[in-house]
file data_20.cif (mmCIF, C-alpha atoms)
data_run
#
loop_
_atom_site.label_atom_id
_atom_site.label_comp_id
_atom_site.auth_asym_id
_atom_site.auth_seq_id
_atom_site.Cartn_x
_atom_site.Cartn_y
_atom_site.Cartn_z
CA MET G 1 8.42 21.33 -15.64
CA SER G 2 10.75 19.87 -18.24
CA ASP G 3 10.95 21.57 -21.62
CA ALA G 4 11.20 18.10 -23.21
CA PHE G 5 7.41 17.85 -23.58
CA ASP G 6 4.39 20.12 -23.88
CA PRO G 7 2.87 20.58 -20.41
CA ASP G 8 -0.41 21.71 -21.98
CA ALA G 9 -0.92 18.50 -24.00
CA PRO G 10 -3.68 16.25 -22.61
CA ILE G 11 -2.62 12.77 -21.47
CA GLN G 12 -4.82 9.68 -21.55
CA ALA G 13 -5.49 8.43 -18.01
CA THR G 14 -7.82 6.32 -15.91
CA TYR G 15 -8.79 7.26 -12.36
CA MET G 16 -9.34 4.06 -10.38
CA ARG G 17 -10.23 2.91 -6.92
CA GLY G 18 -8.43 -0.17 -5.74
CA GLY G 19 -9.27 -1.40 -2.25
CA THR G 20 -9.32 1.63 0.05
CA SER G 21 -7.09 3.74 -2.22
CA LYS G 22 -7.47 5.80 -5.39
CA GLY G 23 -4.87 6.60 -8.03
CA VAL G 24 -4.27 7.81 -11.57
CA PHE G 25 -3.38 4.94 -13.93
CA PHE G 26 -1.40 5.17 -17.17
CA THR G 27 0.33 2.93 -19.64
CA PRO G 28 3.85 4.15 -20.47
CA ALA G 29 2.64 4.85 -24.03
CA ASP G 30 0.14 7.35 -22.62
CA LEU G 31 2.97 9.57 -21.42
CA PRO G 32 5.09 11.90 -23.56
CA PRO G 33 8.26 10.10 -24.79
CA ALA G 34 10.48 12.11 -22.42
CA ALA G 35 8.45 10.90 -19.44
CA ARG G 36 8.36 7.20 -20.25
CA ALA G 37 11.66 6.41 -18.56
CA PRO G 38 12.47 6.80 -14.87
CA GLY G 39 13.88 10.18 -13.97
CA ALA G 40 13.20 13.84 -13.30
CA ALA G 41 11.01 14.40 -16.38
CA ARG G 42 8.62 11.61 -15.46
CA ASP G 43 8.46 12.62 -11.81
CA SER G 44 7.92 16.28 -12.67
CA LEU G 45 5.00 15.43 -14.94
CA LEU G 46 3.34 13.05 -12.48
CA LEU G 47 3.78 15.42 -9.55
CA ARG G 48 1.95 18.08 -11.54
CA VAL G 49 -0.83 15.64 -12.46
CA ILE G 50 -1.43 14.84 -8.80
CA GLY G 51 -0.99 18.44 -7.63
CA SER G 52 2.19 18.20 -5.55
CA PRO G 53 3.93 19.76 -3.80
CA ASP G 54 1.06 21.60 -2.14
CA PRO G 55 1.90 23.70 0.93
CA TYR G 56 -1.81 23.75 1.77
CA GLY G 57 -1.92 19.95 1.84
CA GLN G 58 -5.11 19.66 -0.23
CA GLN G 59 -3.89 19.07 -3.83
CA ILE G 60 -6.75 21.23 -5.09
CA ASP G 61 -4.84 21.95 -8.33
CA GLY G 62 -4.41 18.29 -9.23
CA MET G 63 -5.92 14.81 -9.15
CA GLY G 64 -4.74 13.98 -5.62
CA GLY G 65 -7.12 14.06 -2.70
CA GLY G 66 -4.91 15.45 0.04
CA THR G 67 -4.34 12.07 1.74
CA SER G 68 -1.78 9.30 1.32
CA SER G 69 -4.61 7.01 0.14
CA THR G 70 -5.44 9.32 -2.79
CA SER G 71 -2.02 10.66 -3.80
CA LYS G 72 -0.85 7.83 -6.02
CA VAL G 73 0.21 7.05 -9.59
CA VAL G 74 0.44 3.72 -11.40
CA LEU G 75 2.08 2.61 -14.66
CA VAL G 76 0.95 -0.67 -16.24
CA SER G 77 2.39 -2.24 -19.39
CA ARG G 78 2.51 -5.58 -21.15
CA SER G 79 5.16 -7.74 -19.53
CA ALA G 80 8.23 -8.99 -21.33
CA ARG G 81 8.39 -11.83 -18.81
CA GLY G 82 7.08 -15.18 -19.95
CA ASP G 83 5.44 -15.91 -16.60
CA CYS G 84 3.55 -12.61 -16.26
CA ASP G 85 0.95 -10.71 -18.24
CA VAL G 86 1.65 -7.14 -17.12
CA ASP G 87 4.27 -5.10 -15.31
CA TYR G 88 2.99 -2.80 -12.58
CA LEU G 89 4.94 0.16 -11.22
CA TYR G 90 3.61 2.21 -8.30
CA GLY G 91 4.53 5.70 -7.13
CA ALA G 92 3.58 7.12 -3.72
CA VAL G 93 3.33 10.87 -4.26
CA SER G 94 4.24 13.10 -1.33
CA ILE G 95 1.70 15.82 -0.74
CA GLY G 96 3.88 18.59 0.66
CA THR G 97 7.26 17.87 -0.94
CA PRO G 98 8.32 17.24 -4.57
CA VAL G 99 8.96 13.53 -3.99
CA ILE G 100 7.59 10.38 -5.59
CA ASP G 101 8.66 7.32 -3.60
CA TRP G 102 9.04 4.35 -5.96
CA SER G 103 10.47 2.05 -3.27
CA GLY G 104 7.43 -0.14 -2.56
CA ASN G 105 4.09 -1.49 -3.66
CA CYS G 106 0.51 -0.43 -2.92
CA GLY G 107 -1.48 -3.54 -2.04
CA ASN G 108 -4.81 -1.75 -2.35
CA LEU G 109 -4.18 -0.45 -5.87
CA THR G 110 -2.88 -3.90 -6.83
CA ALA G 111 -6.57 -4.88 -6.97
CA ALA G 112 -7.14 -2.33 -9.75
CA VAL G 113 -4.22 -3.44 -11.93
CA GLY G 114 -6.01 -6.47 -13.41
CA PRO G 115 -9.23 -4.59 -14.22
CA PHE G 116 -7.22 -1.73 -15.77
CA ALA G 117 -5.15 -4.16 -17.86
CA ILE G 118 -8.28 -5.90 -19.15
CA ALA G 119 -10.06 -2.63 -19.94
CA ARG G 120 -7.04 -1.28 -21.82
CA GLY G 121 -6.60 -4.47 -23.85
CA LEU G 122 -3.29 -5.42 -22.25
CA VAL G 123 -4.75 -8.79 -21.22
CA ASP G 124 -7.12 -10.99 -23.21
CA ALA G 125 -10.26 -11.94 -21.33
CA PRO G 126 -12.88 -14.61 -22.03
CA ALA G 127 -16.50 -13.64 -22.38
CA ASP G 128 -17.39 -14.90 -18.93
CA GLY G 129 -15.61 -16.28 -15.89
CA ILE G 130 -12.57 -15.43 -13.80
CA VAL G 131 -9.43 -14.03 -15.42
CA SER G 132 -6.21 -14.77 -13.55
CA VAL G 133 -4.01 -11.77 -14.34
CA ARG G 134 -0.35 -12.48 -13.60
CA ILE G 135 1.22 -9.24 -12.39
CA TRP G 136 4.91 -8.45 -12.08
CA GLN G 137 5.25 -5.89 -9.30
CA ALA G 138 8.22 -3.98 -10.67
CA ASN G 139 8.94 -1.92 -7.53
CA ILE G 140 9.81 -4.98 -5.46
CA GLY G 141 10.34 -7.67 -8.10
CA LYS G 142 7.51 -9.95 -6.99
CA LYS G 143 4.68 -11.82 -8.70
CA ILE G 144 1.03 -11.29 -7.78
CA VAL G 145 -1.98 -13.06 -9.27
CA ALA G 146 -5.28 -11.16 -9.37
CA HIS G 147 -8.43 -13.19 -9.99
CA VAL G 148 -10.80 -10.78 -11.76
CA PRO G 149 -14.44 -11.62 -12.61
CA VAL G 150 -15.63 -10.79 -16.14
CA SER G 151 -19.00 -10.95 -17.88
CA ARG G 152 -19.55 -10.46 -21.61
CA GLY G 153 -15.89 -9.64 -21.94
CA ARG G 154 -16.00 -6.79 -19.44
CA VAL G 155 -14.77 -6.54 -15.88
CA VAL G 156 -17.51 -7.09 -13.32
CA GLU G 157 -17.52 -4.22 -10.84
CA ALA G 158 -20.87 -4.62 -9.09
CA GLY G 159 -21.23 -7.22 -6.39
CA SER G 160 -21.94 -7.98 -2.76
CA PHE G 161 -18.36 -8.03 -1.44
CA VAL G 162 -18.02 -5.52 1.40
CA LEU G 163 -14.64 -3.97 2.14
CA ASP G 164 -14.49 -1.95 5.35
CA GLY G 165 -13.32 1.55 4.51
CA VAL G 166 -15.24 1.62 1.19
CA ALA G 167 -18.81 2.96 1.23
CA PHE G 168 -20.30 0.67 -1.43
CA PRO G 169 -20.04 -3.09 -2.06
CA GLY G 170 -18.40 -4.41 -5.21
CA ALA G 171 -17.16 -7.54 -6.93
CA GLU G 172 -14.54 -9.52 -5.04
CA ILE G 173 -11.04 -9.66 -6.51
CA ARG G 174 -8.89 -12.28 -4.82
CA LEU G 175 -5.19 -11.44 -4.70
CA GLU G 176 -2.39 -13.94 -4.27
CA PHE G 177 0.93 -12.38 -3.27
CA LEU G 178 3.41 -15.08 -4.25
CA ASP G 179 6.63 -15.46 -2.29
CA PRO G 180 6.22 -11.89 -0.97
CA GLY G 181 9.14 -12.05 1.45
CA ALA G 182 12.52 -10.55 0.64
CA GLY G 183 14.32 -13.89 0.53
CA ASP G 184 17.14 -14.05 3.05
CA ALA G 185 16.10 -10.58 4.24
CA LEU G 186 12.56 -11.58 5.27
CA LEU G 187 13.74 -10.74 8.79
CA PRO G 188 16.48 -8.23 7.93
CA THR G 189 18.34 -8.64 11.22
CA GLY G 190 17.73 -12.37 11.45
CA ARG G 191 15.75 -11.85 14.66
CA VAL G 192 12.00 -12.03 15.29
CA VAL G 193 12.23 -9.13 17.75
CA ASP G 194 14.75 -6.28 17.87
CA GLU G 195 15.19 -3.39 20.25
CA LEU G 196 15.30 0.12 18.83
CA ASP G 197 16.84 2.97 20.80
CA VAL G 198 14.91 6.04 19.66
CA PRO G 199 15.68 9.51 21.07
CA GLY G 200 12.55 10.99 22.60
CA VAL G 201 10.87 7.58 22.75
CA GLY G 202 13.36 5.31 24.51
CA ARG G 203 14.16 1.67 23.99
CA ILE G 204 11.32 -0.11 22.23
CA GLU G 205 10.80 -3.67 21.00
CA ALA G 206 10.03 -4.08 17.31
CA THR G 207 9.55 -6.80 14.75
CA LEU G 208 11.20 -5.84 11.46
CA ILE G 209 9.97 -7.76 8.43
CA ASP G 210 10.06 -7.39 4.66
CA SER G 211 7.09 -9.23 3.19
CA GLY G 212 4.82 -7.40 0.78
CA ILE G 213 6.45 -4.20 2.02
CA PRO G 214 9.22 -3.45 4.52
CA SER G 215 7.41 -3.06 7.85
CA ILE G 216 8.06 -2.21 11.48
CA PHE G 217 5.68 -3.55 14.11
CA VAL G 218 5.64 -2.28 17.68
CA THR G 219 3.16 -2.70 20.52
CA ALA G 220 0.72 0.12 21.19
CA ALA G 221 1.49 -0.19 24.90
CA SER G 222 5.17 0.57 24.34
CA LEU G 223 4.12 3.95 22.92
CA GLY G 224 1.58 4.68 25.63
CA LEU G 225 -1.28 3.95 23.22
CA ARG G 226 -4.31 1.65 23.36
CA GLY G 227 -4.29 0.26 19.82
CA ASP G 228 -7.86 1.36 19.02
CA GLU G 229 -7.08 5.03 18.28
CA THR G 230 -9.03 6.77 15.54
CA GLN G 231 -7.44 8.43 12.52
CA ALA G 232 -8.50 11.89 13.70
CA GLU G 233 -7.16 11.23 17.19
CA VAL G 234 -3.68 10.31 15.97
CA ASN G 235 -3.37 12.77 13.12
CA ALA G 236 -4.31 15.73 15.33
CA ASP G 237 -1.41 14.95 17.68
CA THR G 238 1.67 16.38 15.98
CA GLY G 239 3.91 15.34 18.85
CA LEU G 240 2.77 11.73 18.56
CA LEU G 241 3.25 11.77 14.78
CA ALA G 242 6.80 13.04 15.28
CA ARG G 243 7.57 10.23 17.73
CA LEU G 244 6.09 7.65 15.38
CA GLU G 245 8.18 8.99 12.50
CA ALA G 246 11.27 8.80 14.70
CA VAL G 247 10.55 5.12 15.38
CA ARG G 248 9.95 4.48 11.68
CA ALA G 249 13.13 6.27 10.61
CA HIS G 250 15.29 4.46 13.15
CA GLY G 251 13.77 1.15 12.08
CA ALA G 252 14.55 1.97 8.46
CA VAL G 253 18.22 2.43 9.34
CA VAL G 254 18.35 -0.87 11.25
CA MET G 255 16.70 -2.60 8.28
CA GLY G 256 19.42 -1.24 5.99
CA LEU G 257 16.97 0.86 3.97
CA ALA G 258 18.54 4.24 4.74
CA ALA G 259 21.96 5.44 5.82
CA GLY G 260 20.49 7.72 8.47
CA VAL G 261 17.22 8.82 10.02
CA ARG G 262 17.12 12.11 8.09
CA GLU G 263 17.51 10.24 4.81
CA ALA G 264 14.72 7.85 5.79
CA THR G 265 12.32 10.73 6.48
CA ARG G 266 13.33 12.79 3.45
CA ASP G 267 13.72 10.15 0.73
CA ARG G 268 11.69 7.11 1.87
CA PRO G 269 8.37 8.37 3.26
CA HIS G 270 6.53 5.36 1.78
CA THR G 271 8.73 2.57 3.15
CA PRO G 272 9.11 1.05 5.61
CA LYS G 273 5.62 1.13 7.04
CA LEU G 274 5.10 1.44 10.80
CA ALA G 275 2.17 -0.14 12.63
CA PHE G 276 1.33 -0.32 16.31
CA LEU G 277 -0.52 -3.38 17.57
CA ALA G 278 -2.57 -4.60 20.51
CA PRO G 279 -4.45 -7.77 21.49
CA PRO G 280 -8.09 -8.06 20.41
CA ALA G 281 -10.44 -5.62 22.13
CA ASP G 282 -13.82 -4.00 21.46
CA PHE G 283 -13.53 -0.79 19.42
CA THR G 284 -15.60 1.63 17.36
CA ALA G 285 -14.92 1.76 13.62
CA ALA G 286 -14.85 4.99 11.63
CA ASP G 287 -18.44 4.51 10.47
CA GLY G 288 -19.70 4.20 14.04
CA ARG G 289 -20.07 0.41 14.14
CA ARG G 290 -19.07 -1.32 17.33
CA ILE G 291 -16.62 -4.15 16.60
CA ALA G 292 -16.47 -6.87 19.25
CA ALA G 293 -13.15 -8.32 20.36
CA GLY G 294 -14.37 -11.76 19.32
CA GLU G 295 -14.64 -10.66 15.69
CA ILE G 296 -10.91 -9.94 15.34
CA ASP G 297 -7.57 -11.59 16.09
CA LEU G 298 -5.49 -8.43 16.45
CA LEU G 299 -5.81 -4.66 16.71
CA ALA G 300 -3.60 -2.70 14.30
CA ARG G 301 -3.15 0.91 13.27
CA ILE G 302 -0.77 1.67 10.41
CA LEU G 303 0.98 4.87 9.33
CA SER G 304 1.19 5.89 5.69
CA MET G 305 3.26 8.82 4.43
CA GLY G 306 3.47 10.31 7.91
CA LYS G 307 -0.21 10.04 8.88
CA LEU G 308 -2.44 7.32 10.29
CA HIS G 309 -4.14 5.41 7.48
CA HIS G 310 -7.93 5.53 7.49
CA ALA G 311 -8.13 1.74 7.14
CA MET G 312 -5.35 -0.79 6.49
CA THR G 313 -2.83 -0.75 3.66
CA GLY G 314 -2.94 -3.88 1.52
CA THR G 315 0.76 -4.47 1.79
CA GLY G 316 0.56 -3.84 5.53
CA ALA G 317 -1.96 -6.68 5.74
CA VAL G 318 0.46 -8.90 3.82
CA ALA G 319 3.24 -8.06 6.26
CA ILE G 320 1.00 -8.57 9.31
CA ALA G 321 -0.22 -11.96 8.06
CA SER G 322 3.37 -12.97 7.31
CA ALA G 323 4.64 -11.96 10.74
CA ALA G 324 1.68 -13.66 12.43
CA ALA G 325 2.78 -16.95 10.86
CA ILE G 326 6.28 -16.76 12.34
CA PRO G 327 6.52 -17.80 16.00
CA GLY G 328 7.99 -15.23 18.37
CA THR G 329 7.25 -12.06 16.45
CA LEU G 330 5.30 -9.33 18.21
CA VAL G 331 2.41 -10.02 15.86
CA ALA G 332 2.39 -13.72 16.74
CA ARG G 333 2.55 -12.88 20.45
CA LEU G 334 -0.36 -10.43 20.31
CA ARG G 335 -2.76 -12.22 17.96
CA ARG G 336 -5.60 -14.29 19.37
CA PRO G 337 -4.28 -17.67 20.55
CA GLY G 338 -5.50 -20.59 18.50
CA ALA G 339 -6.58 -18.49 15.52
CA ASP G 340 -6.42 -20.25 12.15
CA GLY G 341 -4.20 -19.32 9.19
CA ARG G 342 -6.12 -16.12 8.51
CA VAL G 343 -5.60 -13.06 10.64
CA ARG G 344 -8.65 -10.85 11.17
CA ILE G 345 -7.13 -7.41 11.60
CA GLY G 346 -9.13 -4.79 13.46
CA HIS G 347 -8.22 -1.48 11.78
CA ALA G 348 -9.56 2.06 12.02
CA SER G 349 -12.41 1.40 9.56
CA GLY G 350 -13.34 -2.16 10.53
CA ILE G 351 -11.95 -5.61 9.79
CA LEU G 352 -9.65 -7.03 7.13
CA ALA G 353 -8.65 -10.69 6.85
CA ALA G 354 -5.45 -11.99 5.27
CA GLY G 355 -3.80 -15.39 5.43
CA ALA G 356 -0.16 -16.40 4.97
CA GLU G 357 1.43 -19.74 4.16
CA ALA G 358 4.77 -20.01 5.98
CA GLU G 359 7.35 -22.75 5.95
CA ARG G 360 10.71 -23.39 7.51
CA ALA G 361 13.60 -22.54 5.22
CA GLU G 362 17.33 -22.88 5.56
CA GLY G 363 18.36 -20.47 8.28
CA GLY G 364 14.88 -19.10 8.91
CA TRP G 365 11.42 -18.81 7.37
CA ARG G 366 9.86 -18.46 3.94
CA ILE G 367 6.42 -17.02 3.16
CA SER G 368 5.17 -18.85 0.08
CA LYS G 369 1.88 -17.00 -0.35
CA VAL G 370 -0.41 -14.42 1.22
CA VAL G 371 -4.06 -14.26 0.14
CA ALA G 372 -6.42 -11.34 0.63
CA SER G 373 -9.49 -9.96 -1.15
CA ARG G 374 -10.27 -6.48 -2.39
CA SER G 375 -12.63 -4.77 -4.82
CA ALA G 376 -11.89 -2.18 -7.50
CA ARG G 377 -13.56 -0.10 -10.16
CA ARG G 378 -12.96 2.59 -12.74
CA LEU G 379 -14.04 6.00 -11.52
CA MET G 380 -13.22 7.96 -14.68
CA THR G 381 -11.55 7.52 -18.02
CA GLY G 382 -10.38 10.40 -20.18
CA THR G 383 -7.46 12.80 -20.23
CA VAL G 384 -5.58 14.76 -17.62
CA HIS G 385 -4.08 18.19 -18.19
CA PRO G 386 -0.84 18.63 -16.21
CA ALA G 387 -0.50 22.37 -16.93
CA PRO G 388 2.83 24.21 -16.76
CA LEU G 389 4.53 25.17 -13.56
CA PRO G 390 4.99 28.94 -13.05
CA ASP G 391 8.72 28.80 -13.85
CA ALA G 392 8.06 26.96 -17.11
CA GLY G 393 7.09 30.18 -18.78
#
call {"tool": "encode", "arguments": {"input": "data_20.cif", "output": "C-alpha cells"}}
result
Amino acid sequence: MSDAFDPDAPIQATYMRGGTSKGVFFTPADLPPAARAPGAARDSLLLRVIGSPDPYGQQIDGMGGGTSSTSKVVLVSRSARGDCDVDYLYGAVSIGTPVIDWSGNCGNLTAAVGPFAIARGLVDAPADGIVSVRIWQANIGKKIVAHVPVSRGRVVEAGSFVLDGVAFPGAEIRLEFLDPGAGDALLPTGRVVDELDVPGVGRIEATLIDSGIPSIFVTAASLGLRGDETQAEVNADTGLLARLEAVRAHGAVVMGLAAGVREATRDRPHTPKLAFLAPPADFTAADGRRIAAGEIDLLARILSMGKLHHAMTGTGAVAIASAAAIPGTLVARLRRPGADGRVRIGHASGILAAGAEAERAEGGWRISKVVASRSARRLMTGTVHPAPLPDAG
C-alpha cells in the first residue's frame, strides 16, 4: 500500500444495498488526500478495503462478499454541473486480481446513490415527498434521475416493493436512465446483428449494443444452452465459463473496447456484459418459485465479472430494454410478440421489468429513456480500517 497515507487510519464509509448488489460508499473527502484522485494510490486503498486480491475467492479480510454483486466501491460528491446534484463514480473490484474496473456503471447500486447523497447532506430534501436526485454517472458520462421517497426529512427505506433477488421488501425507487445510449455508437458496428468467430465456440450471432452498459447478447441455443440455467449450474461448469468469456472478449474487440481478447479479459472484466437469451418458458427461480412463461417476455441470464449473476444487473436490464425496442436485434426477435414497451425479463432469481423509449435518429436509433425500479437501504454507517499490506512494513 502507498506510503502517501496511513493505512491504519479509519475511513468514514457507508455500506449500502442497492437493488441486488451491495457496496462500500464514500465521498471523496472521506478518503486520505492521496487517494482522492484517480490512480494507483486510490485503487490500492480501495482494493484493501474490499479485501482483494484474494486467492481463496472469499474476501474474508475485507468488506467484499466473494461475489461480483458484493465486491463494489462507490464515490459520490456534489456535482459541479448545473443540471445535476451529485457525481457518481463506480468501481467493480475484481476478487482474485488487483484490478478495479472503472469502465462502466452499476445499475443496481445507482438506486443507493440518491439515498446516500440525502443521508450525507449532499442533496437537500423536503420534509416529506419524493426527491428527484439528478445523478451524473461519471464512468459513462450519462444523467440518471432517482426518485427517492422521504418522510420527516429522512429517506424512506421500508415499503411493500418486492425486488426478486432481495429477501425483504422495501420502498420503491424509480430510476430514469436518460439518453443511456452511446450516441452514434449505440450499435457499435452499425448492425443489429453481427457474427462473431470465436475459437472453441464457432461462428455465433450476437447483438452488440452500448446502452446503460456495453453489452453482448447471444441466443442460449447457439451455445447449446436452454436459457433457464441456474447460477450454480453455470458457475460449476468451468469449461462453459471459459467459452462464455471467449465470446465476451471477442465481442469486446469487435465493439472497439479492447485491442485484443487477452486485454479484454485482463483489463475489462466488468465491461462489456454478456447475456444469453431465450424465448419465454416456464422456469424455477432461485427461491424455488415456479415462474410461468406467461409472466415474462424473455428469458435472460447475464454474466458479471466472469460468473453468472444471481439475478439481473441493472445496467443489463437497461441494455436489454433498449435492444428490445430496436427491430431486428436478437432481443427483439426473441421477446414475446406483441408485448408492450416494458420487457419482463425472466432472470435467475425471478422477474425484472424495464421499459425503453426508442426513436429513429439520423442513421439509426436513439434511446431517449429507460425506466426501471429498485429499492435500497443503508446497512451500516461507520468507519472502515484498510490495514497495511504485508510489504508495507
call {"tool": "residues_around", "arguments": {"input": "data_20.cif", "residues": "G:Arg174", "least_positions_apart": "5", "cutoff": "12 Å", "atoms": "only C-alpha atoms", "output": "list in words"}}
result
Gly19, Gly107, Asn108, Thr110, Ala111, Ala112, Gly114, Ile130, Val131, Ser132, Val133, Ile144, Val145, Ala146, His147, Val148, Pro149, Phe161, Ala353, Ala354, Gly355, Val370, Val371, Ala372, Ser373, Arg374, Ser375 and Ala376 of chain G
call {"tool": "write_last_selection", "arguments": {"input": "data_20.cif", "atoms": "C-alpha atoms", "output": "PDB file, in the frame of the given file"}}
result
ATOM      1  CA  GLY G  19      -9.270  -1.400  -2.250  1.00  0.00           C
ATOM      2  CA  GLY G 107      -1.480  -3.540  -2.040  1.00  0.00           C
ATOM      3  CA  ASN G 108      -4.810  -1.750  -2.350  1.00  0.00           C
ATOM      4  CA  THR G 110      -2.880  -3.900  -6.830  1.00  0.00           C
ATOM      5  CA  ALA G 111      -6.570  -4.880  -6.970  1.00  0.00           C
ATOM      6  CA  ALA G 112      -7.140  -2.330  -9.750  1.00  0.00           C
ATOM      7  CA  GLY G 114      -6.010  -6.470 -13.410  1.00  0.00           C
ATOM      8  CA  ILE G 130     -12.570 -15.430 -13.800  1.00  0.00           C
ATOM      9  CA  VAL G 131      -9.430 -14.030 -15.420  1.00  0.00           C
ATOM     10  CA  SER G 132      -6.210 -14.770 -13.550  1.00  0.00           C
ATOM     11  CA  VAL G 133      -4.010 -11.770 -14.340  1.00  0.00           C
ATOM     12  CA  ILE G 144       1.030 -11.290  -7.780  1.00  0.00           C
ATOM     13  CA  VAL G 145      -1.980 -13.060  -9.270  1.00  0.00           C
ATOM     14  CA  ALA G 146      -5.280 -11.160  -9.370  1.00  0.00           C
ATOM     15  CA  HIS G 147      -8.430 -13.190  -9.990  1.00  0.00           C
ATOM     16  CA  VAL G 148     -10.800 -10.780 -11.760  1.00  0.00           C
ATOM     17  CA  PRO G 149     -14.440 -11.620 -12.610  1.00  0.00           C
ATOM     18  CA  PHE G 161     -18.360  -8.030  -1.440  1.00  0.00           C
ATOM     19  CA  ALA G 353      -8.650 -10.690   6.850  1.00  0.00           C
ATOM     20  CA  ALA G 354      -5.450 -11.990   5.270  1.00  0.00           C
ATOM     21  CA  GLY G 355      -3.800 -15.390   5.430  1.00  0.00           C
ATOM     22  CA  VAL G 370      -0.410 -14.420   1.220  1.00  0.00           C
ATOM     23  CA  VAL G 371      -4.060 -14.260   0.140  1.00  0.00           C
ATOM     24  CA  ALA G 372      -6.420 -11.340   0.630  1.00  0.00           C
ATOM     25  CA  SER G 373      -9.490  -9.960  -1.150  1.00  0.00           C
ATOM     26  CA  ARG G 374     -10.270  -6.480  -2.390  1.00  0.00           C
ATOM     27  CA  SER G 375     -12.630  -4.770  -4.820  1.00  0.00           C
ATOM     28  CA  ALA G 376     -11.890  -2.180  -7.500  1.00  0.00           C
TER      29      ALA G 376
END
call {"tool": "resolve_selection", "arguments": {"input": "data_20.cif", "expression": "the PyMOL selection byres ((chain G and resi 78) around 10)", "output": "ChimeraX atom specification"}}
result
/G:27-28,76-77,79-81,84-88,117,121-123,135-136
call {"tool": "resolve_selection", "arguments": {"input": "data_20.cif", "expression": "the PyMOL selection byres ((chain G and resi 298) around 8)", "output": "PDB file with C-alpha atoms, keeping the file's coordinate frame"}}
result
ATOM      1  CA  LEU G 277      -0.520  -3.380  17.570  1.00  0.00           C
ATOM      2  CA  ALA G 278      -2.570  -4.600  20.510  1.00  0.00           C
ATOM      3  CA  PRO G 279      -4.450  -7.770  21.490  1.00  0.00           C
ATOM      4  CA  PRO G 280      -8.090  -8.060  20.410  1.00  0.00           C
ATOM      5  CA  ILE G 296     -10.910  -9.940  15.340  1.00  0.00           C
ATOM      6  CA  ASP G 297      -7.570 -11.590  16.090  1.00  0.00           C
ATOM      7  CA  LEU G 299      -5.810  -4.660  16.710  1.00  0.00           C
ATOM      8  CA  ALA G 300      -3.600  -2.700  14.300  1.00  0.00           C
ATOM      9  CA  LEU G 334      -0.360 -10.430  20.310  1.00  0.00           C
ATOM     10  CA  ARG G 335      -2.760 -12.220  17.960  1.00  0.00           C
ATOM     11  CA  ARG G 336      -5.600 -14.290  19.370  1.00  0.00           C
ATOM     12  CA  VAL G 343      -5.600 -13.060  10.640  1.00  0.00           C
ATOM     13  CA  ARG G 344      -8.650 -10.850  11.170  1.00  0.00           C
ATOM     14  CA  ILE G 345      -7.130  -7.410  11.600  1.00  0.00           C
ATOM     15  CA  GLY G 346      -9.130  -4.790  13.460  1.00  0.00           C
TER      16      GLY G 346
END
call {"tool": "resolve_selection", "arguments": {"input": "data_20.cif", "expression": "the PyMOL selection byres ((chain G and resi 311) around 9)", "output": "number ranges by chain"}}
result
G: 20, 164-165, 231, 286, 301-302, 308-310, 312-313, 347-352
call {"tool": "atom_distance", "arguments": {"input": "data_20.cif", "atom1": "atom CA of G:Pro214", "atom2": "atom CA of G:Gly256"}}
result
10.5 Å
call {"tool": "closest_residue", "arguments": {"input": "data_20.cif", "among": "G:Asp228, G:Asp101, G:Glu362, G:Asp237", "to": "G:Leu46", "atoms": "all atoms listed in the file"}}
result
G:Asp101
call {"tool": "closest_residue", "arguments": {"input": "data_20.cif", "among": "G:Met63, G:Val99, G:Ala13, G:Ala246", "to": "G:Ala40", "atoms": "all atoms listed in the file"}}
result
G:Val99
call {"tool": "residues_around", "arguments": {"input": "data_20.cif", "residues": "G:Ala242", "least_positions_apart": "6", "cutoff": "12 Å", "atoms": "all atoms listed in the file", "output": "mmCIF file with C-alpha atoms, in the frame of the given file"}}
result
data_model
loop_
_atom_site.group_PDB
_atom_site.id
_atom_site.type_symbol
_atom_site.label_atom_id
_atom_site.label_comp_id
_atom_site.auth_asym_id
_atom_site.auth_seq_id
_atom_site.Cartn_x
_atom_site.Cartn_y
_atom_site.Cartn_z
ATOM 1 C CA VAL G 198 14.910 6.040 19.660
ATOM 2 C CA PRO G 199 15.680 9.510 21.070
ATOM 3 C CA GLY G 200 12.550 10.990 22.600
ATOM 4 C CA VAL G 201 10.870 7.580 22.750
ATOM 5 C CA VAL G 234 -3.680 10.310 15.970
ATOM 6 C CA ASN G 235 -3.370 12.770 13.120
ATOM 7 C CA ALA G 236 -4.310 15.730 15.330
ATOM 8 C CA ARG G 248 9.950 4.480 11.680
ATOM 9 C CA ALA G 249 13.130 6.270 10.610
ATOM 10 C CA THR G 265 12.320 10.730 6.480
ATOM 11 C CA LEU G 303 0.980 4.870 9.330
ATOM 12 C CA GLY G 306 3.470 10.310 7.910
ATOM 13 C CA LYS G 307 -0.210 10.040 8.880
ATOM 14 C CA LEU G 308 -2.440 7.320 10.290
#
call {"tool": "closest_residue", "arguments": {"input": "data_20.cif", "among": "G:Pro33, G:Pro126, G:Gly314, G:Gly153", "to": "G:Gly18", "atoms": "only C-alpha atoms"}}
result
G:Gly314
call {"tool": "axis_aligned_box", "arguments": {"input": "data_20.cif", "around": "stretch 327-342 of chain G", "padding_each_side": "8 Å", "output": "lines of an AutoDock Vina configuration file"}}
result
center_x = 0.7
center_y = -15.0
center_z = 14.5
size_x = 30.6
size_y = 27.3
size_z = 28.0
call {"tool": "closest_residue", "arguments": {"input": "data_20.cif", "among": "G:Gly96, G:Asp128, G:Thr70, G:Ile118", "to": "G:Asp54", "atoms": "all atoms listed in the file"}}
result
G:Gly96
call {"tool": "atom_distance", "arguments": {"input": "data_20.cif", "atom1": "atom CA of G:Val93", "atom2": "atom CA of G:Pro115"}}
result
22.3 Å
call {"tool": "closest_residue", "arguments": {"input": "data_20.cif", "among": "G:Ser304, G:Thr315, G:Thr238, G:Ser21", "to": "G:Pro180", "atoms": "only C-alpha atoms"}}
result
G:Thr315
call {"tool": "closest_residue", "arguments": {"input": "data_20.cif", "among": "G:Asn105, G:Thr207, G:Thr14, G:Thr97", "to": "G:Pro53", "atoms": "all atoms listed in the file"}}
result
G:Thr97
call {"tool": "atom_distance", "arguments": {"input": "data_20.cif", "atom1": "atom CA of G:Trp365", "atom2": "atom CA of G:Gly328"}}
result
12.1 Å
